[in-house]
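Accompanying notes for the structure given below.
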Protein chains: 2
Amino acid sequence: MTRYRIAVVGGTGPQGRGLAYRFALAGHEVVVGSRDAGRAKEKADEIAERAGVTVAGGENAAVAAAADIVLLAVPWDGHGELVAGLADALAGKVVISCVNPLGFDGGGPYGLVLEESAAQEAQRLVPSARVVGAFHHVAALSLWKTPDALSHEDVLVCGDDVEAKELVAGLATAVTGKPGIDAGALRLARQLEPLTAVLISMNKRYKTRSGIAITGIQV
Amino acid sequence: MTRYRIAVVGGTGPQGRGLAYRFALAGHEVVVGSRDAGRAKEKADEIAERAGVTVAGGENAAVAAAADIVLLAVPWDGHGELVAGLADALAGKVVISCVNPLGFDGGGPYGLVLEESAAQEAQRLVPSARVVGAFHHVAALSLWKTPDALSHEDVLVCGDDVEAKELVAGLATAVTGKPGIDAGALRLARQLEPLTAVLISMNKRYKTRSGIAITGIQV
């Protein structure tokens, strides 16, 4: 396995923490990023303790600049500003987006009506980045609660850079024990991202942590 | 099992034909609708021969008016006009929408950018209809090629009328051998409908007929 240095921007949030833990467990060098370097280091220590390996932490731009691969695990609110502010650090890199532009109201969660997905926005703001959408649908708590592979679930991967997409599909092995599925072009992130609203809706209805599996494909 | 009279509007298309076949096999009284009564009757005969039961056919408005449940299995192109034209026949009825507003170009399939889903449009045009979104993701050919239950797949059902949604979840047994999953409110059809673009994309990439399964929920 190739060991990558992966910066998790927004690694103090539940999805970032969960993915950082899984990547660290799988043997990658993980660096947790946050706006606040102190909080990043606290979270890195928490992840390191659980994973039994070293995990570093630092300010978002610094950790992104030093990484091979940057995972964007930040809230949709403020996403554009954050990505624009990291443009130099993200330039030319494989950038994974698991950002979900969702709304919540009395009727539950729903996908925002947007012309472009979060992944497309990141690509537009940093044209040289090799943006891949992935890891939207694996539940944060399922990632964190056990070290067991989520082998019944699939990671769907979309992107326009074929090599970057293959690399990220390989990284999915850290989560599900098998490569991710090539879901198609980056623009299909418009479909993948808000699907998380459906999963959250089902979680409430059935009091569970639901996930996605694709039938008819063996990876 | 309650036996329903189900009108399949657009039953001459592949998704309508496949679902008509499965409902007929399961013992429901199926009537195939088309703009052209003659074509509807031809398709009904084809389905009847395969299912080994009687299937009737007729013009869309006539078959919808005589049914307990109306399945809309029509193309997105022209959907609004068609539904508005059937408003009297659909009033007060359980109306199932499996309509997928997709676009296709050189980059493959994609979900159209819309303020409302097809299911929401139908609900707006016929406010008294009890609209439920379902059966978007089961592949037309998988429905038609064998009579076997697609037991590895799940039917996701969304709607705001709880009783209608439960009824349609029960109808899913005809397709997967188990009830459909309650995915939430009708507005989540905005997420369910264009997800079909991702499935079509994967079908091309992997030369398969992919489907959706939900992990973590036992229905």
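Residue numbers start at 1 in each chain; chains themselves are named A, B, ... in the order of the structure tokens; ligands are numbered from 1 in the order shown.
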Near-region 166-179 of chain A list (6 Å; only C-alpha atoms; drop same-chain fewer than 2 positions) as a PyMOL selection string: chain A and resi 22-23+26+149-151+163-164
File dump, residues just selected, N, CA, C and O atoms, as a compact mmCIF listing (two decimals), in the first residue's frame:
# COMPACT_ATOMS: atom_id res chain seq x y z
N ARG A 22 -9.87 6.41 10.47
CA ARG A 22 -9.76 5.26 9.56
C ARG A 22 -8.49 5.31 8.71
O ARG A 22 -7.85 4.28 8.47
N PHE A 23 -8.14 6.50 8.23
CA PHE A 23 -6.91 6.61 7.42
C PHE A 23 -5.68 6.34 8.29
O PHE A 23 -4.71 5.72 7.84
N ALA A 26 -5.30 2.69 8.88
CA ALA A 26 -4.85 1.98 7.68
C ALA A 26 -3.38 2.23 7.38
O ALA A 26 -2.84 1.67 6.42
N ALA A 149 -14.01 -2.81 9.39
CA ALA A 149 -14.34 -2.32 8.05
C ALA A 149 -15.86 -2.30 7.87
O ALA A 149 -16.56 -3.23 8.30
N LEU A 150 -16.37 -1.24 7.25
CA LEU A 150 -17.81 -1.14 6.96
C LEU A 150 -18.06 -1.89 5.65
O LEU A 150 -18.38 -1.31 4.62
N SER A 151 -17.91 -3.22 5.75
CA SER A 151 -17.80 -4.02 4.52
C SER A 151 -19.11 -4.15 3.76
O SER A 151 -19.11 -4.54 2.59
N GLU A 163 -6.86 9.54 -12.76
CA GLU A 163 -5.85 9.02 -11.82
C GLU A 163 -6.19 9.38 -10.38
O GLU A 163 -6.05 8.55 -9.47
N ALA A 164 -6.61 10.60 -10.18
CA ALA A 164 -6.97 11.03 -8.81
C ALA A 164 -8.15 10.21 -8.30
O ALA A 164 -8.20 9.81 -7.13
Ala64 (chain A) surroundings by only C-alpha atoms, 9 Å radius, close-in-sequence under 5 positions cut, as a PyMOL selection string: chain A and resi 6-9+31+33+59+69-71+86+89-90
Written file, previous selection with N, CA and C atoms, as a CSV table (one decimal), in the first residue's frame:
chain,number,residue,atom,x,y,z
A,6,ILE,N,-2.0,12.6,4.5
A,6,ILE,CA,-3.4,13.1,4.3
A,6,ILE,C,-3.7,14.2,5.3
A,7,ALA,N,-4.0,15.4,4.8
A,7,ALA,CA,-4.5,16.5,5.7
A,7,ALA,C,-6.0,16.5,5.7
A,8,VAL,N,-6.6,16.5,6.9
A,8,VAL,CA,-8.0,16.5,7.0
A,8,VAL,C,-8.5,17.9,7.4
A,9,VAL,N,-8.8,18.7,6.5
A,9,VAL,CA,-9.2,20.1,6.8
A,9,VAL,C,-10.7,20.0,7.3
A,31,VAL,N,-2.8,14.2,9.2
A,31,VAL,CA,-2.6,15.5,9.9
A,31,VAL,C,-4.0,16.2,10.0
A,33,GLY,N,-6.5,19.2,10.5
A,33,GLY,CA,-6.5,20.6,10.3
A,33,GLY,C,-7.7,21.3,11.0
A,59,GLU,N,-2.9,24.2,11.9
A,59,GLU,CA,-3.9,25.2,11.2
A,59,GLU,C,-4.1,24.7,9.8
A,69,ILE,N,-2.4,14.7,0.0
A,69,ILE,CA,-3.8,14.6,-0.3
A,69,ILE,C,-4.5,15.5,0.7
A,70,VAL,N,-5.5,16.3,0.3
A,70,VAL,CA,-6.2,17.1,1.3
A,70,VAL,C,-7.7,16.6,1.2
A,71,LEU,N,-8.2,16.2,2.4
A,71,LEU,CA,-9.6,15.9,2.5
A,71,LEU,C,-10.3,17.1,3.1
A,86,LEU,N,-7.6,28.7,0.9
A,86,LEU,CA,-6.6,27.6,0.9
A,86,LEU,C,-6.1,27.4,-0.6
A,89,ALA,N,-2.5,26.3,-1.1
A,89,ALA,CA,-2.1,25.1,-0.5
A,89,ALA,C,-2.7,23.9,-1.3
A,90,LEU,N,-3.9,24.1,-2.0
A,90,LEU,CA,-4.6,23.0,-2.7
A,90,LEU,C,-4.1,22.9,-4.1
Distance-based interface of chain A with chain B, 8 Å, counting only C-alpha atoms, as a ChimeraX atom specification: /A:107,110-111,113-115,152-153,182-185,187-188,190-192,194-195,197-199,201-202,205-206,208-217
Exercise: Gln123 (chain B) partners within 10 Å, only C-alpha atoms, chain neighbours under 4 positions left out, as number ranges by chain: B: 83, 95, 97, 117-119, 127-132, 159, 186
Dump of N, CA and C atoms for the selected residues, as a tab-separated table (two decimals), in the first residue's frame:
chain	number	residue	atom	x	y	z
B	83	VAL	N	-49.41	15.62	-16.73
B	83	VAL	CA	-50.05	15.53	-15.41
B	83	VAL	C	-51.23	16.51	-15.33
B	95	VAL	N	-50.99	8.40	-6.17
B	95	VAL	CA	-50.25	8.57	-7.42
B	95	VAL	C	-48.78	8.31	-7.14
B	97	SER	N	-44.96	8.29	-8.46
B	97	SER	CA	-44.09	8.83	-9.50
B	97	SER	C	-42.74	8.14	-9.46
B	117	SER	N	-38.86	18.53	-7.78
B	117	SER	CA	-38.78	17.23	-8.43
B	117	SER	C	-40.03	16.99	-9.26
B	118	ALA	N	-39.99	15.92	-10.05
B	118	ALA	CA	-41.19	15.52	-10.82
B	118	ALA	C	-42.34	15.21	-9.86
B	119	ALA	N	-42.04	14.51	-8.79
B	119	ALA	CA	-43.10	14.15	-7.83
B	119	ALA	C	-43.72	15.40	-7.21
B	127	PRO	N	-53.30	19.05	-6.35
B	127	PRO	CA	-53.10	19.13	-4.89
B	127	PRO	C	-53.80	18.03	-4.10
B	128	SER	N	-54.92	17.51	-4.60
B	128	SER	CA	-55.63	16.47	-3.84
B	128	SER	C	-55.04	15.08	-4.05
B	129	ALA	N	-54.15	14.94	-5.01
B	129	ALA	CA	-53.53	13.62	-5.23
B	129	ALA	C	-52.64	13.28	-4.05
B	130	ARG	N	-52.52	11.99	-3.78
B	130	ARG	CA	-51.68	11.52	-2.67
B	130	ARG	C	-50.38	11.00	-3.29
B	131	VAL	N	-49.49	11.93	-3.60
B	131	VAL	CA	-48.31	11.60	-4.42
B	131	VAL	C	-47.21	10.95	-3.57
B	132	VAL	N	-46.67	9.89	-4.10
B	132	VAL	CA	-45.57	9.16	-3.47
B	132	VAL	C	-44.49	8.95	-4.54
B	159	GLY	N	-42.81	10.57	0.57
B	159	GLY	CA	-44.13	11.19	0.41
B	159	GLY	C	-44.55	11.89	1.69
B	186	LEU	N	-41.85	14.08	0.79
B	186	LEU	CA	-41.94	14.11	-0.67
B	186	LEU	C	-40.81	14.94	-1.29
Chain A: residues DSSP assigns to strand (DSSP E or B), reported as a ChimeraX atom specification: /A:5-9,29-34,56-59,69-72,94-97,102-105,108-111,130-133,156-159,181-184,211-215
Residues within 10 Å of Thr54 (chain B), only C-alpha atoms, excluding chain neighbours under 3 positions, as a PyMOL selection string: chain B and resi 24+29-31+44-45+47-49+51
With all heavy atoms retained, write the just-selected residues as a tab-separated table (two decimals), in the first residue's frame.
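And here is the file that came out, again-v4.tsv:
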chain	number	residue	atom	x	y	z
B	24	ALA	N	-48.44	-7.17	-12.07
B	24	ALA	CA	-49.35	-8.20	-12.58
B	24	ALA	C	-48.98	-9.57	-12.00
B	24	ALA	O	-49.85	-10.33	-11.55
B	24	ALA	CB	-49.30	-8.23	-14.11
B	29	GLU	N	-54.41	-6.03	-10.39
B	29	GLU	CA	-55.07	-5.84	-11.69
B	29	GLU	C	-54.39	-4.65	-12.37
B	29	GLU	O	-54.50	-3.52	-11.89
B	29	GLU	CB	-56.57	-5.55	-11.46
B	29	GLU	CG	-57.33	-5.39	-12.75
B	29	GLU	CD	-58.79	-5.01	-12.51
B	29	GLU	OE1	-59.28	-5.14	-11.36
B	29	GLU	OE2	-59.42	-4.54	-13.48
B	30	VAL	N	-53.67	-4.91	-13.43
B	30	VAL	CA	-52.85	-3.88	-14.06
B	30	VAL	C	-53.48	-3.43	-15.37
B	30	VAL	O	-53.93	-4.25	-16.18
B	30	VAL	CB	-51.41	-4.40	-14.30
B	30	VAL	CG1	-50.60	-3.40	-15.13
B	30	VAL	CG2	-50.73	-4.69	-12.97
B	31	VAL	N	-53.52	-2.13	-15.56
B	31	VAL	CA	-54.00	-1.56	-16.81
B	31	VAL	C	-52.92	-0.64	-17.36
B	31	VAL	O	-52.47	0.28	-16.66
B	31	VAL	CB	-55.31	-0.76	-16.61
B	31	VAL	CG1	-55.93	-0.41	-17.97
B	31	VAL	CG2	-56.30	-1.55	-15.76
B	44	ALA	N	-49.92	-4.20	-23.39
B	44	ALA	CA	-50.62	-4.98	-22.37
B	44	ALA	C	-50.61	-6.46	-22.72
B	44	ALA	O	-50.40	-7.31	-21.85
B	44	ALA	CB	-52.06	-4.46	-22.20
B	45	ASP	N	-50.81	-6.76	-24.01
B	45	ASP	CA	-50.78	-8.17	-24.44
B	45	ASP	C	-49.41	-8.78	-24.22
B	45	ASP	O	-49.28	-9.94	-23.79
B	45	ASP	CB	-51.16	-8.26	-25.93
B	45	ASP	CG	-52.65	-7.97	-26.17
B	45	ASP	OD1	-53.41	-7.97	-25.18
B	45	ASP	OD2	-53.03	-7.72	-27.33
B	47	ILE	N	-47.18	-7.90	-21.98
B	47	ILE	CA	-46.99	-8.08	-20.53
B	47	ILE	C	-47.83	-9.26	-20.04
B	47	ILE	O	-47.37	-10.09	-19.25
B	47	ILE	CB	-47.34	-6.79	-19.77
B	47	ILE	CG1	-46.38	-5.66	-20.18
B	47	ILE	CG2	-47.31	-7.01	-18.26
B	47	ILE	CD1	-46.84	-4.27	-19.78
B	48	ALA	N	-49.06	-9.34	-20.53
B	48	ALA	CA	-49.97	-10.42	-20.11
B	48	ALA	C	-49.39	-11.78	-20.47
B	48	ALA	O	-49.43	-12.72	-19.67
B	48	ALA	CB	-51.34	-10.24	-20.77
B	49	GLU	N	-48.82	-11.88	-21.67
B	49	GLU	CA	-48.27	-13.16	-22.12
B	49	GLU	C	-47.12	-13.58	-21.20
B	49	GLU	O	-47.01	-14.74	-20.80
B	49	GLU	CB	-47.78	-13.02	-23.56
B	49	GLU	CG	-47.47	-14.37	-24.19
B	49	GLU	CD	-46.91	-14.22	-25.61
B	49	GLU	OE1	-47.24	-13.21	-26.28
B	49	GLU	OE2	-46.13	-15.10	-26.01
B	51	ALA	N	-46.53	-12.51	-18.08
B	51	ALA	CA	-46.93	-12.70	-16.68
B	51	ALA	C	-47.91	-13.85	-16.51
B	51	ALA	O	-48.09	-14.36	-15.41
B	51	ALA	CB	-47.55	-11.40	-16.14
Every residue of region 37-217 of chain A that DSSP places in alpha helix (DSSP H), as a VMD selection string: chain A and resid 37 to 51 60 to 65 79 to 85 87 to 90 118 to 125 140 to 145 162 to 171 173 to 176 189 to 206
Near-Gly58 (chain A) list (7 Å; only C-alpha atoms; drop same-chain fewer than 2 positions) as a list in words: Val32, Gly33, Ser34, Ala37, Ala40, Lys41, Asn60, Ala62 and Val63 of chain A
Give me a file of those residues, with N, CA and C atoms, as a compact mmCIF listing (two decimals), in the first residue's frame.
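Generated output (out_33.txt):
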# COMPACT_ATOMS: atom_id res chain seq x y z
N VAL A 32 -4.46 16.46 11.19
CA VAL A 32 -5.77 17.07 11.39
C VAL A 32 -5.64 18.58 11.29
N GLY A 33 -6.52 19.19 10.48
CA GLY A 33 -6.51 20.64 10.34
C GLY A 33 -7.74 21.27 10.97
N SER A 34 -7.55 22.49 11.44
CA SER A 34 -8.66 23.29 11.96
C SER A 34 -8.27 24.76 11.78
N ALA A 37 -5.19 25.97 15.53
CA ALA A 37 -4.17 24.91 15.63
C ALA A 37 -4.26 24.15 16.96
N ALA A 40 -7.02 21.65 16.73
CA ALA A 40 -6.59 20.57 15.83
C ALA A 40 -5.69 19.59 16.57
N LYS A 41 -4.79 20.11 17.37
CA LYS A 41 -3.87 19.22 18.10
C LYS A 41 -4.60 18.38 19.15
N ASN A 60 -5.34 24.87 9.30
CA ASN A 60 -5.76 24.30 8.02
C ASN A 60 -4.77 24.55 6.88
N ALA A 62 -1.64 25.38 6.85
CA ALA A 62 -0.32 24.78 7.05
C ALA A 62 -0.37 23.27 6.80
N VAL A 63 -1.38 22.60 7.33
CA VAL A 63 -1.44 21.14 7.15
C VAL A 63 -1.73 20.78 5.70
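Atom pair CA of Arg17 (chain B) / CA of Gly92 (chain B) has a distance of 24.6 Å (rounded to one decimal).
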Interatomic distance, CA of Gly103 (chain B) to CA of Glu121 (chain A) (Å, one decimal):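 Value for the CA of Gly103 (chain B)-CA of Glu121 (chain A) distance: 20.4 Å.
For the pair CA of Pro14 (chain B) and CA of Glu42 (chain B), the interatomic distance is 13.9 Å.
With distances restricted to only C-alpha atoms, A:Val157 is the closest residue to Gly180 (chain A) from A:Val157, A:Ala66, A:Met1, A:Val162.
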For Gly18 (chain A), the nearest of the candidates A:Trp76, A:Lys165, A:Arg50, A:Ala84, counting only C-alpha atoms: A:Arg50
Selected residue of minimal separation from Ala61 (chain A) among A:Asp88, A:Asp77, A:Asp161, A:Glu46, counting only C-alpha atoms: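 Of A:Asp88, A:Asp77, A:Asp161, A:Glu46, the one nearest Ala61 (chain A) is A:Asp88, counting only C-alpha atoms.
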